[in-house]
Amino acid sequence: MRIDSAKYEGGRLVLSTLAPDAIRLAYRFEPGEYELVKAKKKRSLDANSYLWVLCTKIADAVRISKEDVYRRNIREGGEYTPLPIKSEAVEEFQRIWAGHGIGWFADVTDDSKIAGYKLVFAYHGSSVYDTKQMSHLLQRVIDDAKSVGIDVISEREQSLMIGEWK
């Protein structure tokens with residue numbers, strides 16, 4: 001639900017939103033059911049498109065798939081959740097986790113401190129990245145492109161593109 005305005009009036013915080021959200025909230029409200037958090041700005045589709053253009057060019061230059069280029073950069077970026085998972089459940093977890101998308105994969109890194117468990121790094125695809133995380137991912141891909149001789153946008157254009165997220 002999007003809040004359109006807020007004011008403090010007579011010792012109360014008054015929030016405004018448009019129907020039907022307002023009607024649904026008013027008639028189905030239960031104390032403690034809602035939490036007010038600041039919305040994160042969505043990443044730029046132009047930047048996301050550019051990321052995939054570069055992944056494709058890198059893939060063509062080094063003869064691997066664009067998905068592999070993307071996953072390698074996700075892995076190198078370190079956006080993961082470490083999880084102890086029962087050894088016999090690891091393969092099924094990896095299959096289910098990968099179902100979220102191209103950048104969602106899980107690597108077994110070691111035995112867990114818990115007997116019978118493996119330590120798994122569950123990587124998150126960029127679809128859930130915030131502005132800072134996406135900016136770092138794009139910079140890694142740009143650096144990769146430069147390293148194989150691919151022309152990239154100027155630093156000024158890059159700053160403008162990243163600036164759209166801030």
# chains A, B, ... in the order shown; residues from 1 in each chain; ligands from 1
>>> residues_around(residues="stretch 135-142 of chain A", least_positions_apart="4", cutoff="9 Å", atoms="only C-alpha atoms", output="PyMOL selection string")
chain A and resi 47-48+50-51+54-55+58+69-70+73-74+76-77+126+130-131+146-147+150+152-153+158+162+165
>>> select_by_dssp(residues="chain A", states="strand (DSSP E or B)", output="MDAnalysis selection string")
chainID A and resid 5:9 12:16 80:86 105:111 117:123
>>> write_last_selection(atoms="N, CA and C atoms", output="PDB file, in the first residue's frame")
ATOM      1  N   SER A   5       0.054  10.797   1.889  1.00  0.00           N
ATOM      2  CA  SER A   5       0.381  11.943   2.725  1.00  0.00           C
ATOM      3  C   SER A   5       0.316  11.531   4.194  1.00  0.00           C
ATOM      4  N   ALA A   6       1.001  12.325   5.007  1.00  0.00           N
ATOM      5  CA  ALA A   6       1.001  12.089   6.451  1.00  0.00           C
ATOM      6  C   ALA A   6       1.018  13.438   7.150  1.00  0.00           C
ATOM      7  N   LYS A   7       0.269  13.540   8.257  1.00  0.00           N
ATOM      8  CA  LYS A   7       0.306  14.775   9.051  1.00  0.00           C
ATOM      9  C   LYS A   7       0.076  14.421  10.512  1.00  0.00           C
ATOM     10  N   TYR A   8       0.578  15.282  11.366  1.00  0.00           N
ATOM     11  CA  TYR A   8       0.395  15.108  12.800  1.00  0.00           C
ATOM     12  C   TYR A   8      -0.657  16.111  13.230  1.00  0.00           C
ATOM     13  N   GLU A   9      -1.739  15.616  13.794  1.00  0.00           N
ATOM     14  CA  GLU A   9      -2.897  16.458  14.070  1.00  0.00           C
ATOM     15  C   GLU A   9      -3.548  16.016  15.384  1.00  0.00           C
ATOM     16  N   ARG A  12      -2.255  12.863  17.012  1.00  0.00           N
ATOM     17  CA  ARG A  12      -2.382  11.624  16.238  1.00  0.00           C
ATOM     18  C   ARG A  12      -1.661  11.754  14.889  1.00  0.00           C
ATOM     19  N   LEU A  13      -1.137  10.660  14.435  1.00  0.00           N
ATOM     20  CA  LEU A  13      -0.564  10.602  13.109  1.00  0.00           C
ATOM     21  C   LEU A  13      -1.678  10.199  12.154  1.00  0.00           C
ATOM     22  N   VAL A  14      -1.931  11.026  11.140  1.00  0.00           N
ATOM     23  CA  VAL A  14      -2.993  10.752  10.175  1.00  0.00           C
ATOM     24  C   VAL A  14      -2.336  10.455   8.828  1.00  0.00           C
ATOM     25  N   LEU A  15      -2.568   9.244   8.313  1.00  0.00           N
ATOM     26  CA  LEU A  15      -2.015   8.818   7.033  1.00  0.00           C
ATOM     27  C   LEU A  15      -3.124   8.764   5.999  1.00  0.00           C
ATOM     28  N   SER A  16      -2.796   9.114   4.764  1.00  0.00           N
ATOM     29  CA  SER A  16      -3.783   9.061   3.689  1.00  0.00           C
ATOM     30  C   SER A  16      -3.290   8.152   2.579  1.00  0.00           C
ATOM     31  N   TYR A  80      25.147 -13.490  -0.247  1.00  0.00           N
ATOM     32  CA  TYR A  80      24.642 -14.830   0.029  1.00  0.00           C
ATOM     33  C   TYR A  80      24.227 -14.937   1.492  1.00  0.00           C
ATOM     34  N   THR A  81      23.521 -16.008   1.777  1.00  0.00           N
ATOM     35  CA  THR A  81      23.154 -16.335   3.143  1.00  0.00           C
ATOM     36  C   THR A  81      23.803 -17.675   3.479  1.00  0.00           C
ATOM     37  N   PRO A  82      24.641 -17.726   4.534  1.00  0.00           N
ATOM     38  CA  PRO A  82      25.228 -19.006   4.923  1.00  0.00           C
ATOM     39  C   PRO A  82      24.203 -19.832   5.708  1.00  0.00           C
ATOM     40  N   LEU A  83      24.049 -21.088   5.315  1.00  0.00           N
ATOM     41  CA  LEU A  83      23.046 -21.946   5.942  1.00  0.00           C
ATOM     42  C   LEU A  83      23.616 -23.323   6.257  1.00  0.00           C
ATOM     43  N   PRO A  84      23.386 -23.822   7.465  1.00  0.00           N
ATOM     44  CA  PRO A  84      23.710 -25.230   7.717  1.00  0.00           C
ATOM     45  C   PRO A  84      22.521 -26.075   7.245  1.00  0.00           C
ATOM     46  N   ILE A  85      22.787 -27.051   6.388  1.00  0.00           N
ATOM     47  CA  ILE A  85      21.710 -27.881   5.833  1.00  0.00           C
ATOM     48  C   ILE A  85      22.108 -29.343   5.994  1.00  0.00           C
ATOM     49  N   LYS A  86      21.132 -30.167   6.388  1.00  0.00           N
ATOM     50  CA  LYS A  86      21.403 -31.604   6.526  1.00  0.00           C
ATOM     51  C   LYS A  86      22.025 -32.116   5.237  1.00  0.00           C
ATOM     52  N   PHE A 105      21.545 -19.627  -6.673  1.00  0.00           N
ATOM     53  CA  PHE A 105      22.225 -20.917  -6.644  1.00  0.00           C
ATOM     54  C   PHE A 105      22.854 -21.078  -5.268  1.00  0.00           C
ATOM     55  N   ALA A 106      23.225 -22.299  -4.948  1.00  0.00           N
ATOM     56  CA  ALA A 106      23.777 -22.592  -3.627  1.00  0.00           C
ATOM     57  C   ALA A 106      25.025 -23.448  -3.778  1.00  0.00           C
ATOM     58  N   ASP A 107      26.096 -23.035  -3.097  1.00  0.00           N
ATOM     59  CA  ASP A 107      27.354 -23.767  -3.118  1.00  0.00           C
ATOM     60  C   ASP A 107      27.612 -24.390  -1.752  1.00  0.00           C
ATOM     61  N   VAL A 108      28.011 -25.643  -1.744  1.00  0.00           N
ATOM     62  CA  VAL A 108      28.451 -26.278  -0.502  1.00  0.00           C
ATOM     63  C   VAL A 108      29.886 -25.828  -0.281  1.00  0.00           C
ATOM     64  N   THR A 109      30.152 -25.204   0.854  1.00  0.00           N
ATOM     65  CA  THR A 109      31.488 -24.672   1.102  1.00  0.00           C
ATOM     66  C   THR A 109      32.321 -25.553   2.018  1.00  0.00           C
ATOM     67  N   ASP A 110      31.654 -26.275   2.928  1.00  0.00           N
ATOM     68  CA  ASP A 110      32.397 -27.080   3.891  1.00  0.00           C
ATOM     69  C   ASP A 110      31.415 -27.885   4.729  1.00  0.00           C
ATOM     70  N   ASP A 111      31.970 -28.729   5.600  1.00  0.00           N
ATOM     71  CA  ASP A 111      31.122 -29.364   6.601  1.00  0.00           C
ATOM     72  C   ASP A 111      30.734 -28.302   7.612  1.00  0.00           C
ATOM     73  N   TYR A 117      25.657 -32.080   8.911  1.00  0.00           N
ATOM     74  CA  TYR A 117      25.208 -30.930   8.132  1.00  0.00           C
ATOM     75  C   TYR A 117      26.355 -30.395   7.279  1.00  0.00           C
ATOM     76  N   LYS A 118      26.001 -29.738   6.181  1.00  0.00           N
ATOM     77  CA  LYS A 118      26.950 -29.039   5.316  1.00  0.00           C
ATOM     78  C   LYS A 118      26.701 -27.537   5.439  1.00  0.00           C
ATOM     79  N   LEU A 119      27.755 -26.753   5.282  1.00  0.00           N
ATOM     80  CA  LEU A 119      27.607 -25.304   5.236  1.00  0.00           C
ATOM     81  C   LEU A 119      27.384 -24.924   3.779  1.00  0.00           C
ATOM     82  N   VAL A 120      26.253 -24.285   3.514  1.00  0.00           N
ATOM     83  CA  VAL A 120      25.863 -23.925   2.162  1.00  0.00           C
ATOM     84  C   VAL A 120      25.746 -22.412   2.068  1.00  0.00           C
ATOM     85  N   PHE A 121      26.347 -21.832   1.031  1.00  0.00           N
ATOM     86  CA  PHE A 121      26.167 -20.407   0.744  1.00  0.00           C
ATOM     87  C   PHE A 121      25.051 -20.312  -0.292  1.00  0.00           C
ATOM     88  N   ALA A 122      23.930 -19.733   0.099  1.00  0.00           N
ATOM     89  CA  ALA A 122      22.779 -19.566  -0.787  1.00  0.00           C
ATOM     90  C   ALA A 122      22.836 -18.152  -1.379  1.00  0.00           C
ATOM     91  N   TYR A 123      23.202 -18.067  -2.653  1.00  0.00           N
ATOM     92  CA  TYR A 123      23.353 -16.778  -3.333  1.00  0.00           C
ATOM     93  C   TYR A 123      22.000 -16.260  -3.794  1.00  0.00           C
TER      94      TYR A 123
END
